[in-house]
$ cat target30.cif   # mmCIF, C-alpha atoms
data_data
#
loop_
_atom_site.label_atom_id
_atom_site.label_comp_id
_atom_site.auth_asym_id
_atom_site.auth_seq_id
_atom_site.Cartn_x
_atom_site.Cartn_y
_atom_site.Cartn_z
CA MET A 1 10.62 29.79 -20.87
CA LEU A 2 7.65 30.10 -18.52
CA HIS A 3 5.75 27.42 -20.41
CA LEU A 4 8.72 25.06 -20.20
CA ALA A 5 9.03 25.62 -16.44
CA LEU A 6 5.31 24.98 -15.91
CA VAL A 7 5.38 21.78 -17.96
CA PHE A 8 8.48 20.57 -16.10
CA LEU A 9 6.90 21.17 -12.68
CA HIS A 10 3.69 19.53 -13.89
CA PHE A 11 5.40 16.33 -14.96
CA LEU A 12 7.74 16.36 -11.94
CA ALA A 13 4.74 16.42 -9.60
CA ALA A 14 3.10 13.59 -11.53
CA ALA A 15 6.29 11.52 -11.36
CA LEU A 16 6.61 12.06 -7.59
CA ALA A 17 2.99 11.09 -6.94
CA LEU A 18 3.11 8.02 -9.18
CA GLY A 19 6.42 6.94 -7.64
CA ALA A 20 4.99 7.16 -4.12
CA ILE A 21 1.84 5.28 -5.14
CA VAL A 22 3.77 2.52 -6.92
CA ALA A 23 6.13 2.14 -3.94
CA THR A 24 3.14 1.83 -1.60
CA ASP A 25 1.50 -0.75 -3.86
CA LEU A 26 4.71 -2.81 -3.99
CA ARG A 27 4.97 -2.70 -0.21
CA LEU A 28 1.43 -4.04 0.05
CA LEU A 29 2.16 -6.80 -2.45
CA SER A 30 5.19 -7.90 -0.43
CA LYS A 31 2.89 -8.46 2.58
CA LEU A 32 1.17 -11.30 0.71
CA ALA A 33 3.95 -13.64 1.80
CA GLN A 34 2.51 -13.44 5.32
CA ASP A 35 -0.35 -15.60 6.53
CA ARG A 36 -2.62 -13.12 8.27
CA VAL A 37 -2.38 -10.09 6.00
CA ARG A 38 -3.18 -6.64 7.28
CA ILE A 39 -3.04 -3.46 5.22
CA ALA A 40 -1.73 -0.40 7.01
CA PRO A 41 -2.51 3.09 5.71
CA PRO A 42 0.35 4.96 4.00
CA ASN A 43 2.64 6.77 6.38
CA ALA A 44 2.45 10.53 6.81
CA PHE A 45 5.45 11.15 4.56
CA VAL A 46 3.91 9.37 1.57
CA SER A 47 0.56 11.09 2.16
CA ARG A 48 2.26 14.49 2.17
CA ILE A 49 4.12 13.72 -1.06
CA VAL A 50 0.91 12.75 -2.85
CA THR A 51 -1.01 15.72 -1.43
CA VAL A 52 1.65 18.26 -2.37
CA SER A 53 2.02 16.68 -5.81
CA LEU A 54 -1.73 16.92 -6.37
CA VAL A 55 -1.74 20.61 -5.41
CA VAL A 56 1.21 21.33 -7.72
CA LEU A 57 -0.46 19.38 -10.53
CA CYS A 58 -3.69 21.34 -10.27
CA THR A 59 -1.88 24.69 -10.00
CA THR A 60 0.53 24.15 -12.86
CA GLY A 61 -2.16 22.51 -15.00
CA ALA A 62 -4.45 25.52 -14.63
CA ALA A 63 -1.56 27.83 -15.49
CA ILE A 64 -0.67 25.79 -18.58
CA VAL A 65 -4.28 25.81 -19.81
CA ALA A 66 -4.62 29.55 -19.19
CA GLN A 67 -1.38 30.29 -21.00
CA ALA A 68 -2.37 28.11 -23.97
CA ALA A 69 -5.83 29.73 -24.14
CA LEU A 70 -4.23 33.16 -24.45
CA VAL A 71 -2.25 31.98 -27.48
CA ARG A 72 -4.91 29.77 -29.12
CA THR A 73 -8.56 30.60 -28.57
CA ASP A 74 -9.67 27.09 -29.59
CA GLU A 75 -7.59 25.39 -26.90
CA LEU A 76 -10.55 25.23 -24.50
CA ALA A 77 -12.59 23.27 -27.07
CA ASN A 78 -10.26 20.27 -26.89
CA PRO A 79 -12.29 17.14 -25.84
CA LYS A 80 -9.20 15.61 -24.25
CA LEU A 81 -8.87 18.68 -22.02
CA HIS A 82 -12.50 18.35 -20.93
CA ALA A 83 -12.02 14.68 -20.08
CA LYS A 84 -8.81 15.38 -18.19
CA LEU A 85 -10.44 18.13 -16.12
CA LEU A 86 -13.32 15.81 -15.21
CA LEU A 87 -10.95 13.02 -14.21
CA VAL A 88 -8.84 15.40 -12.11
CA VAL A 89 -11.98 16.50 -10.26
CA LEU A 90 -12.79 12.83 -9.59
CA LEU A 91 -9.20 12.29 -8.47
CA VAL A 92 -9.40 15.11 -5.93
CA ALA A 93 -12.76 13.88 -4.63
CA ASN A 94 -11.40 10.33 -4.34
CA ALA A 95 -8.39 11.66 -2.41
CA PHE A 96 -10.76 13.08 0.22
CA VAL A 97 -12.49 9.69 0.45
CA LEU A 98 -9.16 7.95 0.91
CA HIS A 99 -7.98 10.25 3.70
CA HIS A 100 -11.29 10.49 5.59
CA VAL A 101 -12.81 7.01 5.04
CA THR A 102 -10.31 4.45 3.74
CA PHE A 103 -7.19 5.25 5.76
CA PRO A 104 -8.99 5.52 9.15
CA ARG A 105 -10.60 2.14 8.48
CA LEU A 106 -7.24 0.59 7.61
CA ALA A 107 -5.73 2.07 10.78
CA ARG A 108 -7.89 -0.31 12.83
CA GLY A 109 -5.50 -3.10 11.90
CA ARG A 110 -8.16 -5.71 11.14
CA ARG A 111 -6.97 -8.65 9.05
CA ILE A 112 -8.39 -8.85 5.53
CA ALA A 113 -9.90 -12.23 6.34
CA ARG A 114 -12.07 -10.52 8.97
CA TRP A 115 -13.26 -7.63 6.81
CA HIS A 116 -16.97 -6.93 6.49
CA ALA A 117 -18.74 -5.83 3.30
CA ALA A 118 -18.37 -2.18 4.34
CA ASP A 119 -14.61 -2.65 4.67
CA TRP A 120 -14.36 -4.10 1.18
CA ILE A 121 -16.31 -1.22 -0.33
CA ALA A 122 -14.50 1.49 1.66
CA VAL A 123 -11.07 0.13 0.74
CA ALA A 124 -11.24 -1.67 -2.61
CA VAL A 125 -13.22 0.95 -4.54
CA PRO A 126 -11.23 4.10 -3.58
CA VAL A 127 -7.87 2.33 -3.88
CA ALA A 128 -8.69 1.04 -7.35
CA ALA A 129 -10.07 4.43 -8.39
CA SER A 130 -6.94 6.19 -7.15
CA ASN A 131 -4.58 3.93 -9.09
CA ALA A 132 -6.68 4.01 -12.26
CA LEU A 133 -7.21 7.79 -12.19
CA TRP A 134 -3.57 8.63 -11.55
CA LEU A 135 -2.38 6.34 -14.34
CA PHE A 136 -4.99 7.48 -16.85
CA VAL A 137 -4.52 11.19 -16.12
CA ALA A 138 -0.78 10.71 -16.60
CA LEU A 139 -1.54 8.98 -19.91
CA LEU A 140 -3.66 11.92 -21.04
CA GLY A 141 -0.79 14.23 -20.21
CA VAL A 142 1.45 12.59 -22.83
CA ALA A 143 -1.23 11.60 -25.37
CA HIS A 144 -0.75 14.64 -27.59
CA GLN A 145 -2.08 12.70 -30.59
CA TRP A 146 -5.53 12.71 -28.96
CA ASN A 147 -5.82 16.50 -29.02
CA ASN A 148 -8.96 17.52 -30.93
CA VAL A 149 -9.10 14.00 -32.44
CA VAL A 150 -10.53 11.53 -29.92
CA PRO A 151 -14.10 12.34 -28.78
CA PHE A 152 -14.93 13.05 -25.15
CA GLY A 153 -17.08 9.90 -24.83
CA GLU A 154 -14.37 7.58 -26.12
CA ILE A 155 -11.85 8.97 -23.64
CA LEU A 156 -14.24 8.45 -20.75
CA GLY A 157 -15.01 4.96 -22.06
CA ALA A 158 -11.31 4.09 -22.07
CA ALA A 159 -10.98 5.50 -18.54
CA THR A 160 -13.91 3.35 -17.40
CA VAL A 161 -12.36 0.21 -18.88
CA ALA A 162 -9.07 1.03 -17.16
CA TYR A 163 -10.83 1.50 -13.83
CA LEU A 164 -12.73 -1.80 -14.15
CA ALA A 165 -9.50 -3.65 -14.95
CA VAL A 166 -7.72 -2.14 -11.95
CA GLN A 167 -10.76 -2.81 -9.74
CA ALA A 168 -10.77 -6.47 -10.74
CA GLY A 169 -7.06 -6.72 -9.98
CA VAL A 170 -7.41 -5.07 -6.56
CA CYS A 171 -10.34 -7.33 -5.60
CA GLY A 172 -8.45 -10.41 -6.78
CA ILE A 173 -5.39 -9.50 -4.71
CA LEU A 174 -7.52 -8.85 -1.63
CA VAL A 175 -9.31 -12.19 -2.04
CA ILE A 176 -5.96 -14.00 -2.25
CA ALA A 177 -4.69 -12.08 0.78
CA ALA A 178 -7.80 -13.09 2.75
CA THR A 179 -7.23 -16.79 2.01
CA PRO A 180 -5.24 -18.50 4.79
CA ILE A 181 -2.03 -20.34 3.97
CA ASP A 182 -2.29 -24.11 4.41
CA PRO A 183 1.17 -25.57 5.18
CA GLU A 184 -0.09 -29.10 4.55
CA GLN A 185 -0.86 -28.58 0.88
CA GLN A 186 0.08 -26.17 -1.87
CA ARG A 187 -2.87 -24.45 -3.50
CA TRP A 188 -2.97 -22.15 -6.49
CA THR A 189 -3.66 -19.17 -4.22
CA ASP A 190 -0.40 -19.87 -2.36
CA VAL A 191 1.52 -19.93 -5.64
CA VAL A 192 -0.05 -16.67 -6.79
CA ARG A 193 0.51 -14.88 -3.50
CA ARG A 194 4.18 -15.94 -3.43
CA ALA A 195 4.61 -14.67 -6.99
CA LEU A 196 2.96 -11.35 -6.13
CA ALA A 197 5.02 -11.04 -2.95
CA SER A 198 8.17 -11.62 -5.02
CA ILE A 199 7.09 -8.81 -7.35
CA GLY A 200 6.45 -6.56 -4.37
CA ASP A 201 9.89 -7.42 -2.99
CA LEU A 202 11.40 -6.76 -6.44
CA GLY A 203 12.53 -10.37 -6.66
CA ALA A 204 14.29 -10.56 -3.30
CA ALA A 205 14.24 -14.04 -1.78
CA ARG A 206 12.27 -14.51 1.41
CA ALA A 207 14.13 -16.97 3.61
CA PRO A 208 12.90 -17.55 7.18
CA ALA A 209 15.31 -16.85 10.00
CA PRO A 210 17.18 -19.92 11.32
CA GLY A 211 15.24 -21.62 14.06
CA THR A 212 12.00 -19.81 13.28
CA PRO A 213 9.07 -22.22 13.71
CA ARG A 214 6.64 -22.40 10.84
CA ARG A 215 3.30 -20.87 11.71
CA ARG A 216 0.22 -22.92 10.97
CA TYR A 217 -2.83 -21.35 9.43
CA ASP A 218 -5.06 -22.59 12.22
CA ASP A 219 -2.95 -21.29 15.11
CA PRO A 220 -4.69 -18.93 17.54
CA VAL A 221 -4.38 -15.22 16.90
CA ASP A 222 -1.11 -14.31 18.58
CA ASP A 223 0.70 -12.33 15.91
CA ASP A 224 -0.22 -8.85 17.03
CA ASP A 225 2.64 -6.48 17.77
CA ASP A 226 1.40 -5.98 21.32
CA SER A 227 1.26 -9.74 21.89
CA GLN A 228 4.79 -10.21 20.59
CA LEU A 229 6.06 -7.39 22.80
CA ALA A 230 4.28 -8.84 25.85
CA ALA A 231 5.76 -12.29 25.13
CA ALA A 232 9.26 -10.84 24.84
CA ILE A 233 8.89 -8.96 28.12
CA ALA A 234 7.62 -12.13 29.85
CA ILE A 235 10.62 -14.14 28.62
CA VAL A 236 13.10 -11.51 29.82
CA ALA A 237 11.35 -11.26 33.17
CA ALA A 238 11.39 -15.04 33.61
CA ARG A 239 15.11 -15.22 32.88
CA THR A 240 16.07 -12.34 35.17
CA ARG A 241 13.75 -12.96 38.13
CA ALA A 242 15.31 -13.26 41.58
CA PRO A 243 15.48 -16.79 43.05
CA ARG A 244 13.02 -17.68 45.77
CA VAL A 245 14.02 -18.36 49.36
CA GLY A 246 15.45 -21.85 49.62
CA GLU A 247 15.77 -22.22 45.85
CA PRO A 248 19.24 -23.11 44.59
CA ASP A 249 21.05 -20.28 42.87
CA LEU A 250 21.98 -21.81 39.54
CA ARG A 251 25.26 -20.70 38.09
CA LEU A 252 27.55 -21.83 35.32
CA VAL A 253 29.57 -24.83 36.41
CA THR A 254 32.97 -25.57 34.94
CA SER A 255 35.08 -28.66 35.25
CA ASN A 256 37.29 -27.06 37.93
CA SER A 257 34.59 -25.75 40.24
CA GLU A 258 31.76 -27.15 42.26
CA PRO A 259 28.23 -25.74 41.98
CA ARG A 260 27.66 -23.07 44.55
CA ARG A 261 24.45 -23.09 46.51
CA ARG A 262 22.68 -20.26 48.20
CA GLY A 263 23.57 -19.89 51.81
CA ARG A 264 21.02 -20.59 54.48
#

$ encode --input "target30.cif" --output "structure tokens"
Amino acid sequence: MLHLALVFLHFLAAALALGAIVATDLRLLSKLAQDRVRIAPPNAFVSRIVTVSLVVLCTTGAAIVAQAALVRTDELANPKLHAKLLLVVLLVANAFVLHHVTFPRLARGRRIARWHAADWIAVAVPVAASNALWLFVALLGVAHQWNNVVPFGEILGAATVAYLAVQAGVCGILVIAATPIDPEQQRWTDVVRRALASIGDLGAARAPAPGTPRRRYDDPVDDDDDSQLAAAIAIVAARTRAPRVGEPDLRLVTSNSEPRRRGR
């Protein structure tokens, strides 16, 4: 009964972490429909879910290994177990890099098109490593056929191939996100980014609001949240300002009334 409870908690933590990571990745993909793409760090709730899940995974995993070693003395000689332990150590180390290097850099709000080489390295490498490690460690958790069969080197080789594939995908998505949208012509990057944004939106259609002007790719930078808030405040202030001395007080005029003017 104890073993069943430990295994259940172990897989529940893995499912929670993978669900949060996949949801975050889909949210980032949906941003590709925008012109000037920025990547925000995960919110505090998602970070706590992944952190707690990682702690539960390590705790329950150690308990499962210890319990199995008490029953079978050769359990610790399993090459798959050695590879999984190494990958979990890398996963924990990469989590520290994400929280202390990647997320603070993303919090600056710089558009991907304006990233420097250090930004690409600090973001693309840890993000790809996180996705690849989480997926491959989860695969090792269900690959019971590999126990005492697949050598340690082959498992690490497969993990390396998985990381390189994920790294190529992350870099490709970032390159597409850094490419500006040209409303005058349709390029292959625009087609790909719309397809990826549709995947991130789970197929939901993206229709612009009625009356929304189409933004050109060469417009000046005015899409910051602070700029939009300042523009909204300026419009409200202009509409509600008091009339100047001698300026006619404009009011609604109906067919049965004459326009009223401000008294002298």

$ atom_distance --input "target30.cif" --atom1 "CA of Val37 (chain A)" --atom2 "CA of Tyr163 (chain A)"
24.5 Å

$ closest_residue --input "target30.cif" --among "A:Arg38, A:Arg105, A:His99, A:Arg114" --to "Ser130 (chain A)" --atoms "all atoms listed in the file"
A:His99

$ closest_residue --input "target30.cif" --among "A:Pro183, A:Gly169, A:Gly19, A:Gly109" --to "Ala132 (chain A)" --atoms "only C-alpha atoms"
A:Gly169

$ atom_distance --input "target30.cif" --atom1 "CA of Thr60 (chain A)" --atom2 "CA of Val7 (chain A)"
7.4 Å

$ atom_distance --input "target30.cif" --atom1 "CA of Asp201 (chain A)" --atom2 "CA of Ser30 (chain A)"
5.4 Å

$ residues_near_point --input "target30.cif" --point "(-13.5, 10.7, -25.0)" --cutoff "10 Å" --atoms "all atoms listed in the file" --output "list in words"
Pro79, Lys80, Leu81, His82, Ala83, Lys84, Trp146, Val149, Val150, Pro151, Phe152, Gly153, Glu154, Ile155, Leu156, Gly157, Ala158 and Ala159 of chain A
